[in-house]
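Asks: Sharing a structure, written as structure tokens. Questions coming.
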Amino acid sequence: MTPRIKICCIQDAAELRTAIDAGADAVGIVGPGLSGPEVRTIDQAVAIAALVPPAVTTFFLTREQDPDVLGEHVRRIGPQVVQLCDAVPPRAYDVIRAASPGTKIVQVIHVTGEHAMGEAREAAERADAVLLDSGSPAGPDPVFGGTGQTHDWHLSARIVAELDVPVWLAGGLRPDNVAEAIRTVRPFGVDLCSGVRRDGTLDPLLAQNFVSNVRSSGT
């Protein structure tokens, strides 16, 4: 099965149209306080989400940990998917689902070592899907994605093989390496931000090349 394609870090209506025209199945709106291009306010996220056509899945990325704040953001934005980029208390899952029944939850796991395997197993018990990324959430200067760096795809492949939920692959994907990543990891979907940008802006040609290379990856 050809992986689904998510183009992330959508900044405005123009970038949204570029992603859709390139053939993205999903788009990501990055909430305040995350790494890489992000919206500055929740109001901006609401405005962009309102423009996404029904056939394209809207992801809202957040590092918010307060369940009640998460619930309010979900109610306002109305995404089909909430992507949790940091650890949250178990209650947060219940609050999100109560705030917007039918909304799916994707938990990000940063693949920085073997411990990611156990973290992914635990996440799969509550989340609807898992996304494997290359951030460094621990330490004084946490990074939650948008690094442009790959991680150990062989470890990611083991996680995909073990979990019963869909697994997305992110982290350093580009038009020139996505086919190899798909062959190695066999993910449900692929997700990228910086790999299709020039000077911080979503580039139509890079986006089109990425989508074309995913579609012809041979899966």
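In the structure tokens, the first chain shown is A, the next is B, and so on; residue numbers restart at 1 for each chain, and ligands run from 1 in the order shown.
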Select from stretch 172-209 of chain A every residue with an atom at most 6 Å from any atom of stretch 7-17 of chain A, then for each give the shortest pair of atoms and their distance in Å to one decimal, using only C-alpha atoms, rows by chain and rising number, as a Markdown table.
Replies:
```
| residue | atom | partner | partner_atom | distance |
| --- | --- | --- | --- | --- |
| A:Asp191 | CA | A:Ile7 | CA | 5.9 |
| A:Leu192 | CA | A:Ile7 | CA | 5.5 |
| A:Cys193 | CA | A:Cys8 | CA | 5.0 |
```
Asks: With C-alpha atoms retained, could you export that selection as a compact mmCIF listing (two decimals), in the first residue's frame?
Replies:
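Listed below is the output, selection.txt:
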```txt
# COMPACT_ATOMS: atom_id res chain seq x y z
CA ASP A 191 5.39 13.33 7.15
CA LEU A 192 7.76 16.21 6.47
CA CYS A 193 8.26 19.92 6.87
```
Asks: Which polymer residues have any atom within 10 Å of an atom of A:Gly23, counting only C-alpha atoms, with same-chain residues fewer than 4 positions away left out, as a list in words?
Replies: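 The residues that qualify are Ile5, Lys6, Ile7, Arg17, Thr18, Ala19, Val56, Ala207, Gln208, Phe210, Val211, Ser212 and Arg215 of chain A.
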Asks: Excluding A:Ala45 and any residue of its chain fewer than 5 positions from it, enumerate the residues within 9 Å of it, using only C-alpha atoms, and give them as a list in words.
Replies: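 With the cut-off at 9 Å, the set is Gln11, Ile29, Val30, Gly31, Val39, Arg40, Ala50, Phe60 and Ile77 of chain A.
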Asks: Output C-alpha atoms for every residue in the selection just made, as a tab-separated table (two decimals), in the first residue's frame.
Replies:
```
chain	number	residue	atom	x	y	z
A	11	GLN	CA	1.64	28.73	7.53
A	29	ILE	CA	-0.79	22.97	11.45
A	30	VAL	CA	1.92	23.43	14.07
A	31	GLY	CA	0.78	25.04	17.30
A	39	VAL	CA	1.52	29.43	13.81
A	40	ARG	CA	1.87	32.19	16.38
A	50	ALA	CA	-11.29	26.34	8.25
A	60	PHE	CA	-3.06	19.93	14.70
A	77	ILE	CA	-9.73	24.24	15.70
```
Asks: Could you tell me which of A:Asp94, A:Asp86, A:Glu64, A:Asp203 comes closest to A:Arg126 if we count only C-alpha atoms?
Replies: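 Using only C-alpha atoms, the shortest distance to A:Arg126 belongs to A:Asp94.
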Asks: Among stretch 41-184 of chain A, which residues does DSSP mark as alpha helix (DSSP H) when it is run on the backbone? Keep the chain and numbering as in the structure and answer as an NGL selection string.
Replies: :A and (42-49 or 67-77 or 91-99 or 115-124 or 153-162 or 178-184)
Asks: May I have the selected residues written with C-alpha atoms, as a PDB file, in the first residue's frame?
Replies:
```pdb
ATOM      1  CA  ILE A  42      -4.475  29.482  18.105  1.00  0.00           C
ATOM      2  CA  ASP A  43      -6.602  31.968  16.152  1.00  0.00           C
ATOM      3  CA  GLN A  44      -4.263  31.465  13.178  1.00  0.00           C
ATOM      4  CA  ALA A  45      -4.640  27.698  13.488  1.00  0.00           C
ATOM      5  CA  VAL A  46      -8.430  28.065  13.516  1.00  0.00           C
ATOM      6  CA  ALA A  47      -8.331  30.228  10.380  1.00  0.00           C
ATOM      7  CA  ILE A  48      -6.115  27.817   8.416  1.00  0.00           C
ATOM      8  CA  ALA A  49      -8.084  24.730   9.496  1.00  0.00           C
ATOM      9  CA  PRO A  67      -5.776  18.346  29.321  1.00  0.00           C
ATOM     10  CA  ASP A  68      -8.298  21.170  29.670  1.00  0.00           C
ATOM     11  CA  VAL A  69      -6.301  23.517  27.438  1.00  0.00           C
ATOM     12  CA  LEU A  70      -5.925  20.717  24.894  1.00  0.00           C
ATOM     13  CA  GLY A  71      -9.666  20.162  24.939  1.00  0.00           C
ATOM     14  CA  GLU A  72     -10.362  23.836  24.326  1.00  0.00           C
ATOM     15  CA  HIS A  73      -7.890  23.987  21.427  1.00  0.00           C
ATOM     16  CA  VAL A  74      -9.469  20.938  19.818  1.00  0.00           C
ATOM     17  CA  ARG A  75     -12.956  22.385  20.162  1.00  0.00           C
ATOM     18  CA  ARG A  76     -11.873  25.639  18.524  1.00  0.00           C
ATOM     19  CA  ILE A  77      -9.729  24.238  15.698  1.00  0.00           C
ATOM     20  CA  ARG A  91      -6.604  12.046  31.171  1.00  0.00           C
ATOM     21  CA  ALA A  92      -5.677  14.180  28.155  1.00  0.00           C
ATOM     22  CA  TYR A  93      -6.761  11.423  25.783  1.00  0.00           C
ATOM     23  CA  ASP A  94     -10.221  11.294  27.355  1.00  0.00           C
ATOM     24  CA  VAL A  95     -10.569  15.080  27.322  1.00  0.00           C
ATOM     25  CA  ILE A  96      -9.620  15.331  23.637  1.00  0.00           C
ATOM     26  CA  ARG A  97     -12.063  12.619  22.631  1.00  0.00           C
ATOM     27  CA  ALA A  98     -14.846  14.181  24.690  1.00  0.00           C
ATOM     28  CA  ALA A  99     -14.141  17.610  23.208  1.00  0.00           C
ATOM     29  CA  HIS A 115      13.958   3.058  24.632  1.00  0.00           C
ATOM     30  CA  ALA A 116      11.764   4.300  21.774  1.00  0.00           C
ATOM     31  CA  MET A 117      10.509   0.753  21.310  1.00  0.00           C
ATOM     32  CA  GLY A 118       8.996   0.632  24.787  1.00  0.00           C
ATOM     33  CA  GLU A 119       7.644   4.174  24.483  1.00  0.00           C
ATOM     34  CA  ALA A 120       5.947   3.263  21.205  1.00  0.00           C
ATOM     35  CA  ARG A 121       4.365   0.156  22.724  1.00  0.00           C
ATOM     36  CA  GLU A 122       2.989   2.201  25.603  1.00  0.00           C
ATOM     37  CA  ALA A 123       1.703   4.940  23.309  1.00  0.00           C
ATOM     38  CA  ALA A 124      -0.072   2.408  21.104  1.00  0.00           C
ATOM     39  CA  TRP A 153      15.194   3.706  10.199  1.00  0.00           C
ATOM     40  CA  HIS A 154      15.978   0.098  11.071  1.00  0.00           C
ATOM     41  CA  LEU A 155      14.761   0.710  14.616  1.00  0.00           C
ATOM     42  CA  SER A 156      11.696   2.437  13.179  1.00  0.00           C
ATOM     43  CA  ALA A 157      11.074  -0.622  10.980  1.00  0.00           C
ATOM     44  CA  ARG A 158      11.091  -2.839  14.083  1.00  0.00           C
ATOM     45  CA  ILE A 159       8.553  -0.554  15.736  1.00  0.00           C
ATOM     46  CA  VAL A 160       6.305  -0.677  12.665  1.00  0.00           C
ATOM     47  CA  ALA A 161       6.503  -4.471  12.595  1.00  0.00           C
ATOM     48  CA  GLU A 162       5.567  -4.767  16.272  1.00  0.00           C
ATOM     49  CA  VAL A 178      11.780   9.140   0.862  1.00  0.00           C
ATOM     50  CA  ALA A 179      11.676   6.065  -1.403  1.00  0.00           C
ATOM     51  CA  GLU A 180      14.502   4.440   0.561  1.00  0.00           C
ATOM     52  CA  ALA A 181      12.803   5.353   3.834  1.00  0.00           C
ATOM     53  CA  ILE A 182       9.556   3.732   2.696  1.00  0.00           C
ATOM     54  CA  ARG A 183      11.290   0.556   1.540  1.00  0.00           C
ATOM     55  CA  THR A 184      13.162   0.293   4.839  1.00  0.00           C
TER      56      THR A 184
END
```
Asks: Using only C-alpha atoms, which residues sit within 10 Å of A:Ala87 once same-chain residues fewer than 6 positions away are excluded, as a ChimeraX atom specification?
Replies: /A:63-65,107-109,123,137
Asks: So how many Å separate atom CA of A:Ser216 and atom CA of A:Val185, to one decimal?
Replies: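 A separation of 15.8 Å between them.
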Asks: Restricting the calculation to only C-alpha atoms: of A:Pro175, A:Gly102, A:Gly33, A:Pro79, which residue gets closest to A:Val214?
Replies: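 Closest to A:Val214, using only C-alpha atoms: A:Pro175.
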Asks: From a backbone DSSP assignment, name each residue in stretch 38-196 of chain A labelled strand (DSSP E), as a VMD selection string.
Replies: chain A and resid 57 to 62 81 to 84 104 to 110 129 to 133 167 to 169 189 to 192
Asks: Calculated over only C-alpha atoms, which of the candidates A:Ile20, A:Met1, A:Leu169, A:Leu131 has the smallest distance to A:Leu51?
Replies: A:Ile20
Asks: Write out as a list in words each polymer residue whose atoms come within 7 Å of A:Phe59, counting only C-alpha atoms; drop sequence neighbours fewer than 6 positions from it.
Replies: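 Near neighbours after the sequence-gap exclusion: Val27, Gly28, Ile29, Pro79, Gln80, Val81, Val82 and Gln83 of chain A.
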Asks: Quote the spacing between atom CA of A:Ser100 and atom CA of A:Pro187 in Å to one decimal place.
Replies: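 Value for the atom CA of A:Ser100-atom CA of A:Pro187 distance: 26.7 Å.
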Asks: Report, in Å to a single decimal, how far apart atom CA of A:Asp66 and atom CA of A:Gly172 are.
Replies: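 So the two atoms, atom CA of A:Gly172 and atom CA of A:Asp66, lie 29.1 Å apart.
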